[in-house]
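Asker: Pasting data.cif here (mmCIF, C-alpha atoms):
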data_my_file
loop_
_atom_site.label_atom_id
_atom_site.label_comp_id
_atom_site.auth_asym_id
_atom_site.auth_seq_id
_atom_site.Cartn_x
_atom_site.Cartn_y
_atom_site.Cartn_z
CA ARG A 1 77.55 99.38 77.49
CA LYS A 2 80.38 100.29 79.87
CA GLU A 3 80.57 98.34 83.11
CA VAL A 4 80.58 101.55 85.14
CA GLU A 5 79.42 104.71 83.43
CA GLN A 6 79.71 108.32 84.52
CA ASP A 7 79.09 111.70 82.95
CA PRO A 8 82.62 113.06 82.45
CA GLY A 9 81.56 116.66 83.07
CA PRO A 10 83.06 119.06 83.80
CA PHE A 11 80.58 120.36 86.30
CA ASN A 12 81.38 124.03 86.93
CA VAL A 13 79.62 125.29 90.05
CA PRO A 14 80.01 128.32 92.30
CA GLU A 15 81.15 128.00 95.88
CA GLY A 16 78.28 127.08 98.16
CA ALA A 17 76.32 125.27 95.47
CA THR A 18 74.91 121.78 95.77
CA VAL A 19 75.98 119.37 93.07
CA ALA A 20 75.03 115.77 92.35
CA PHE A 21 76.71 113.07 90.29
CA ASN A 22 75.20 109.83 89.11
CA CYS A 23 76.82 106.62 88.05
CA THR A 24 75.30 103.51 86.48
CA TYR A 25 76.66 100.00 86.58
CA SER A 26 75.93 97.09 84.28
CA ASN A 27 76.01 94.03 86.51
CA SER A 28 72.99 93.59 88.75
CA ALA A 29 74.99 91.18 90.92
CA SER A 30 77.48 93.89 91.89
CA GLN A 31 78.17 93.71 95.57
CA SER A 32 79.83 96.82 96.89
CA PHE A 33 80.16 100.41 95.83
CA PHE A 34 82.42 103.32 96.56
CA TRP A 35 83.20 106.88 95.61
CA TYR A 36 86.87 107.77 95.24
CA ARG A 37 88.32 111.20 94.66
CA GLN A 38 91.28 111.89 92.39
CA ASP A 39 93.09 115.20 92.29
CA CYS A 40 95.01 116.17 89.17
CA ARG A 41 98.02 113.89 88.65
CA LYS A 42 97.54 112.25 92.05
CA GLU A 43 96.40 108.84 93.18
CA PRO A 44 92.74 108.03 93.86
CA LYS A 45 91.67 108.20 97.48
CA LEU A 46 88.58 106.72 99.09
CA LEU A 47 85.91 109.32 99.70
CA MET A 48 83.19 107.06 101.04
CA SER A 49 81.61 103.66 100.76
CA VAL A 50 78.02 103.46 99.54
CA TYR A 51 75.56 101.45 101.61
CA SER A 52 72.16 100.16 100.59
CA SER A 53 70.45 102.40 103.12
CA GLY A 54 72.34 105.47 101.93
CA ASN A 55 74.96 107.20 104.01
CA GLU A 56 76.15 110.66 104.84
CA ASP A 57 79.54 112.03 105.80
CA GLY A 58 79.44 115.73 106.52
CA ARG A 59 78.59 117.55 103.31
CA PHE A 60 78.65 114.35 101.27
CA THR A 61 75.72 111.97 100.81
CA ALA A 62 75.86 108.74 98.84
CA GLN A 63 72.89 106.71 97.73
CA LEU A 64 72.42 103.36 96.02
CA ASN A 65 69.48 102.33 93.87
CA ARG A 66 69.83 98.63 93.15
CA ALA A 67 66.63 98.39 91.12
CA SER A 68 67.87 100.99 88.64
CA GLN A 69 71.54 100.10 89.07
CA TYR A 70 72.80 103.54 89.87
CA ILE A 71 74.76 105.28 92.58
CA SER A 72 74.69 108.95 93.38
CA LEU A 73 76.91 111.40 95.23
CA LEU A 74 75.57 114.69 96.54
CA ILE A 75 77.89 117.45 97.68
CA ARG A 76 76.35 120.31 99.62
CA ASP A 77 77.90 123.72 100.23
CA SER A 78 80.70 123.14 97.70
CA LYS A 79 84.17 124.35 98.60
CA LEU A 80 87.01 125.28 96.28
CA SER A 81 88.89 122.29 97.70
CA ASP A 82 86.18 119.95 96.39
CA SER A 83 87.49 120.54 92.86
CA ALA A 84 88.63 117.12 91.69
CA THR A 85 87.56 114.12 89.65
CA TYR A 86 85.07 111.84 91.40
CA LEU A 87 85.35 108.17 90.54
CA CYS A 88 82.48 105.74 90.88
CA VAL A 89 83.83 102.32 91.87
CA VAL A 90 82.06 98.97 91.86
CA ASN A 91 82.85 95.44 92.92
CA MET A 92 81.27 93.70 89.96
CA GLY A 93 80.68 90.39 91.67
CA MET A 94 82.19 86.95 91.45
CA ASP A 95 80.03 85.85 88.51
CA THR A 96 81.99 88.21 86.28
CA GLY A 97 85.26 86.58 87.26
CA ARG A 98 86.53 90.02 88.13
CA ARG A 99 88.21 89.93 91.48
CA ALA A 100 89.18 93.60 91.64
CA LEU A 101 87.28 96.84 91.78
CA THR A 102 86.08 98.42 88.53
CA PHE A 103 86.45 102.17 88.17
CA GLY A 104 84.33 104.55 86.17
CA SER A 105 86.10 107.17 84.07
CA GLY A 106 85.24 109.87 86.56
CA THR A 107 83.26 113.09 86.73
CA ARG A 108 85.25 116.29 86.91
CA LEU A 109 84.07 118.98 89.32
CA GLN A 110 85.37 122.54 89.23
CA VAL A 111 84.17 124.79 92.05
CA GLN A 112 84.60 128.44 91.24
CA PRO A 113 84.95 131.39 93.60
CA ASN B 1 102.96 103.49 108.30
CA ALA B 2 104.57 104.31 104.97
CA GLY B 3 101.54 103.47 102.86
CA VAL B 4 101.84 101.98 99.40
CA MET B 5 105.24 102.82 97.94
CA GLN B 6 105.84 102.92 94.22
CA ASN B 7 109.05 103.55 92.36
CA PRO B 8 110.23 105.01 90.21
CA ARG B 9 107.78 107.92 90.28
CA HIS B 10 108.82 108.90 86.77
CA LEU B 11 110.42 106.72 84.15
CA VAL B 12 111.45 107.62 80.61
CA ARG B 13 112.15 104.88 78.11
CA ARG B 14 112.80 104.76 74.39
CA ARG B 15 110.74 102.51 72.18
CA GLY B 16 111.88 98.91 72.45
CA GLN B 17 113.37 99.22 75.93
CA GLU B 18 112.05 97.53 79.05
CA ALA B 19 110.24 99.23 81.92
CA ARG B 20 110.10 97.82 85.45
CA LEU B 21 107.77 99.34 87.97
CA ARG B 22 107.89 98.37 91.62
CA CYS B 23 105.26 98.43 94.33
CA SER B 24 105.56 97.73 98.03
CA PRO B 25 102.13 97.30 99.63
CA MET B 26 101.07 98.72 102.96
CA LYS B 27 102.41 96.84 105.94
CA GLY B 28 100.23 93.83 106.58
CA HIS B 29 98.57 93.89 103.15
CA SER B 30 99.01 90.80 101.03
CA HIS B 31 96.80 91.75 98.07
CA VAL B 32 98.23 93.92 95.30
CA TYR B 33 96.46 95.40 92.29
CA TRP B 34 97.87 97.23 89.28
CA TYR B 35 95.84 99.77 87.34
CA ARG B 36 96.77 101.84 84.30
CA GLN B 37 95.53 105.34 83.60
CA LEU B 38 96.02 106.77 80.14
CA PRO B 39 96.03 110.58 79.82
CA GLU B 40 92.54 112.03 80.30
CA GLU B 41 91.06 108.56 80.90
CA GLY B 42 89.92 106.45 83.82
CA LEU B 43 91.74 103.70 85.68
CA LYS B 44 91.79 100.34 83.93
CA PHE B 45 92.36 97.20 85.94
CA MET B 46 95.36 95.18 84.84
CA VAL B 47 96.21 92.46 87.37
CA TYR B 48 95.57 91.29 90.91
CA LEU B 49 98.20 89.33 92.82
CA GLN B 50 98.76 87.78 96.18
CA LYS B 51 102.14 86.59 97.37
CA GLU B 52 103.59 84.31 94.68
CA ASN B 53 100.25 84.00 92.90
CA ILE B 54 98.47 85.80 90.08
CA ILE B 55 94.79 85.77 90.99
CA ASP B 56 93.27 87.74 88.11
CA GLU B 57 95.13 88.99 85.06
CA SER B 58 92.09 89.61 82.91
CA GLY B 59 93.14 93.22 82.28
CA MET B 60 96.70 92.52 81.23
CA PRO B 61 97.64 92.82 77.56
CA LYS B 62 98.52 89.36 76.27
CA GLU B 63 101.98 90.35 75.07
CA ARG B 64 104.90 92.29 76.53
CA PHE B 65 103.31 92.76 79.99
CA SER B 66 103.97 90.61 83.04
CA ALA B 67 103.60 90.96 86.78
CA GLU B 68 104.88 89.18 89.83
CA PHE B 69 104.66 89.43 93.59
CA PRO B 70 107.43 87.27 95.05
CA LYS B 71 107.55 85.89 98.54
CA GLU B 72 110.13 88.51 99.45
CA GLY B 73 110.27 91.98 98.00
CA PRO B 74 107.94 94.26 96.08
CA SER B 75 105.50 93.48 93.33
CA ILE B 76 106.91 94.22 89.90
CA LEU B 77 105.09 95.18 86.72
CA ARG B 78 107.32 94.58 83.73
CA ILE B 79 106.74 95.96 80.25
CA GLN B 80 108.99 94.63 77.53
CA GLN B 81 109.69 96.39 74.23
CA VAL B 82 107.75 99.47 75.20
CA VAL B 83 105.79 101.43 72.61
CA ARG B 84 104.48 105.00 72.72
CA GLY B 85 101.02 103.75 73.61
CA ASP B 86 102.38 102.39 76.89
CA SER B 87 102.90 105.96 78.13
CA ALA B 88 100.59 106.24 81.12
CA ALA B 89 100.38 106.44 84.88
CA TYR B 90 100.58 103.01 86.49
CA PHE B 91 98.98 102.85 89.91
CA CYS B 92 99.46 100.09 92.41
CA ALA B 93 96.99 99.50 95.22
CA SER B 94 96.93 97.12 98.14
CA SER B 95 94.31 95.76 100.47
CA LEU B 96 94.17 93.72 103.62
CA THR B 97 91.74 91.16 102.22
CA ASN B 98 89.69 90.64 99.10
CA SER B 99 86.30 90.75 100.68
CA GLY B 100 83.36 92.20 98.79
CA ALA B 101 83.61 95.41 100.78
CA ASN B 102 87.29 95.78 100.09
CA VAL B 103 88.93 99.19 100.23
CA LEU B 104 92.01 99.88 98.15
CA THR B 105 94.87 102.10 99.21
CA PHE B 106 96.78 103.48 96.25
CA GLY B 107 100.38 104.43 95.79
CA ALA B 108 101.33 107.73 94.21
CA GLY B 109 101.81 106.07 90.83
CA SER B 110 104.63 105.60 88.36
CA ARG B 111 104.48 107.76 85.27
CA LEU B 112 105.99 106.11 82.23
CA THR B 113 106.91 108.18 79.21
CA VAL B 114 107.98 106.37 76.06
CA LEU B 115 109.90 108.49 73.58
#
Written as C-alpha cells, how would this file's structure read?
Answerer:
Amino acid sequence: RKEVEQDPGPFNVPEGATVAFNCTYSNSASQSFFWYRQDCRKEPKLLMSVYSSGNEDGRFTAQLNRASQYISLLIRDSKLSDSATYLCVVNMGMDTGRRALTFGSGTRLQVQP
Amino acid sequence: NAGVMQNPRHLVRRRGQEARLRCSPMKGHSHVYWYRQLPEEGLKFMVYLQKENIIDESGMPKERFSAEFPKEGPSILRIQQVVRGDSAAYFCASSLTNSGANVLTFGAGSRLTVL
C-alpha cells in the first residue's frame, strides 16, 4: 500500500462545477496534512493546510477523517484557472523515521469552458 | 525576498558525466529538502539537510547520489556518472523549522536531461 494514495484522474469538469478529491494515508500516527497545487512543469505551491476540525478558504474546503485515514478537498464553482494537479501531502510522523513531508502522486483536474 | 533559488534551471548531460544542482533556501530558512519528480509521476523525497548536517537521507539512492549543505553557500545535490533514468525534475524546498506543521516553500526546480 502506498504511503499516500490519490486517484490520478484526470477529473474533467465544466466551469462552475463542484469537484471533490480524496486521499488516503497509511500511517495512523501521521501528524499534519496539506494540499499543494502544481501547475504543469512548475513547482508545487501550498494551497491549504488541513485541520482536524476542517477548514475553508474561499471556494476550497479541506477535511480530515482520522478514523478512516483520509483527507478530502472540495472545490466549489470551479474556474478555468483551477486546472492543475492537486497533491495530497502528509507528515508521516516520527515513528516512521521520515522527517520530511510525503507527497501523493497527485490528482489532475481539468476545468473546461 | 527572493524565495528558494535553484540553478541551473535546465541541465543536459551525457551518460557518465556528473550533474551538480544548487539550491539557496529562503532567507532565514535553515532546513533544506530535495525531491525528485520523474515525468508523469509524483514527488519523491530524497534528502533533508540542515547546515552542515544530513538529517534524513532515506530517499537517496545508495550509489552515485550525494548532497551537502555547507556552512556557507547553497545546498548541492550531486549525481555522479549519470544514467538516462536520472532524467527528472529536481525540486529543492526550504522551511523555517521542522515542526510537525511545517510548510515547505519550493524552488522552480532543475530539469536534468541525460542523453
Asker: Pull out every residue of chain B that has at least one atom within 7 Å of chain A, counting only C-alpha atoms, and report them as number ranges by chain.
Answerer: B: 41-43, 45, 48, 56, 100-101, 106-109
Asker: Just give me the gap between CA of Gly54 (chain A) and CA of Thr18 (chain A) in Å, one decimal is fine.
Answerer: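 Distance between the two atoms: 17.6 Å.
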Asker: Can you spell out as an MDAnalysis selection string the set of residues that the PyMOL selection byres ((chain B and resi 39) around 8) selects in the structure I just provided?
Answerer: chainID B and resid 37:38 40:41 88:89
Asker: Got a sec to check which residues sit within 6 Å of (102.3, 102.5, 89.6), counting only C-alpha atoms, and write them as a VMD selection string?
Answerer: chain B and resid 6 90 to 92 109 to 110
Asker: Any chance you could work out the residue set of the PyMOL selection byres ((chain A and resi 22) around 12) here, as a ChimeraX atom specification?
Answerer: /A:4-9,19-21,23-25,35,61-65,68-75,86-89,104,106-107
Asker: May I have the residues within 8 Å of Arg64 (chain B) as a list in words, using only C-alpha atoms and disregarding those fewer than 5 positions away in the same chain?
Answerer: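 The residues satisfying every condition are Arg78, Ile79, Gln80, Gln81 and Val82 of chain B.
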Asker: Quote the spacing between CA of Leu11 (chain B) and CA of Val114 (chain B) in Å to one decimal place.
Answerer: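 Those two atoms sit 8.5 Å apart.
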Asker: For the file shown, report as a list in words the outcome of the PyMOL selection byres ((chain B and resi 27) around 9) at residue level.
Answerer: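 That selection, the PyMOL selection byres ((chain B and resi 27) around 9), comes back as Asn1, Ala2, Gly3, Val4, Ser24, Pro25, Met26, Gly28, His29 and Ser30 of chain B.
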Asker: Take the residues from that selection and write them out as a PDB file, in the coordinates of the input, keeping C-alpha atoms.
Answerer:
ATOM      1  CA  ASN B   1     102.960 103.490 108.300  1.00  0.00           C
ATOM      2  CA  ALA B   2     104.570 104.310 104.970  1.00  0.00           C
ATOM      3  CA  GLY B   3     101.540 103.470 102.860  1.00  0.00           C
ATOM      4  CA  VAL B   4     101.840 101.980  99.400  1.00  0.00           C
ATOM      5  CA  SER B  24     105.560  97.730  98.030  1.00  0.00           C
ATOM      6  CA  PRO B  25     102.130  97.300  99.630  1.00  0.00           C
ATOM      7  CA  MET B  26     101.070  98.720 102.960  1.00  0.00           C
ATOM      8  CA  GLY B  28     100.230  93.830 106.580  1.00  0.00           C
ATOM      9  CA  HIS B  29      98.570  93.890 103.150  1.00  0.00           C
ATOM     10  CA  SER B  30      99.010  90.800 101.030  1.00  0.00           C
TER      11      SER B  30
END
Asker: Please measure the separation of CA of Gln50 (chain B) and CA of Leu77 (chain B), giving the value in Å to one decimal.
Answerer: 13.6 Å
Asker: Please provide as a VMD selection string all residues within 12 Å of Pro113 (chain A), with the sequence filter that same-chain residues fewer than 3 positions apart are discarded (counting all atoms listed in the file).
Answerer: chain A and resid 12 to 17 78 to 83 110
Asker: Determine the nearest neighbour of Ala84 (chain A) from the options A:Glu3, A:Asp57, A:Arg37, A:Pro10, counting all atoms listed in the file.
Answerer: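 For Ala84 (chain A), the nearest of the given residues is A:Arg37.
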Asker: Applying 7 Å and all atoms listed in the file, which residues near Tyr33 (chain B) remain after dropping the ones on its own chain fewer than 2 positions away? List them as a VMD selection string.
Answerer: chain B and resid 31 35 47 to 49 92 to 94
Asker: Those same residues, written as a compact mmCIF listing (two decimals), keeping the file's coordinate frame with C-alpha atoms?
Answerer:
# COMPACT_ATOMS: atom_id res chain seq x y z
CA HIS B 31 96.80 91.75 98.07
CA TYR B 35 95.84 99.77 87.34
CA VAL B 47 96.21 92.46 87.37
CA TYR B 48 95.57 91.29 90.91
CA LEU B 49 98.20 89.33 92.82
CA CYS B 92 99.46 100.09 92.41
CA ALA B 93 96.99 99.50 95.22
CA SER B 94 96.93 97.12 98.14
Asker: From the list A:Gln38, A:Asn27, A:Gln112, A:Ser52, which residue is nearest Arg1 (chain A) when using all atoms listed in the file?
Answerer: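 Closest residue, counting all atoms listed in the file: A:Asn27.
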Asker: Please work out which residues fall within 7 Å of (98.7, 95.8, 80.7), coordinates as given in the file, with only C-alpha atoms counting, and return them as a PDB file with C-alpha atoms, in the coordinates of the input.
Answerer:
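result-v6.pdb, written as the output of this step:
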ATOM      1  CA  MET B  46      95.360  95.180  84.840  1.00  0.00           C
ATOM      2  CA  GLY B  59      93.140  93.220  82.280  1.00  0.00           C
ATOM      3  CA  MET B  60      96.700  92.520  81.230  1.00  0.00           C
ATOM      4  CA  PRO B  61      97.640  92.820  77.560  1.00  0.00           C
ATOM      5  CA  PHE B  65     103.310  92.760  79.990  1.00  0.00           C
TER       6      PHE B  65
END
Asker: Which residue, B:Leu96, B:Thr105, B:Lys51, B:Asp86, has the smallest gap to Val12 (chain B) when you use all atoms listed in the file?
Answerer: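 Checking each candidate against Val12 (chain B), we get B:Asp86 as the closest.
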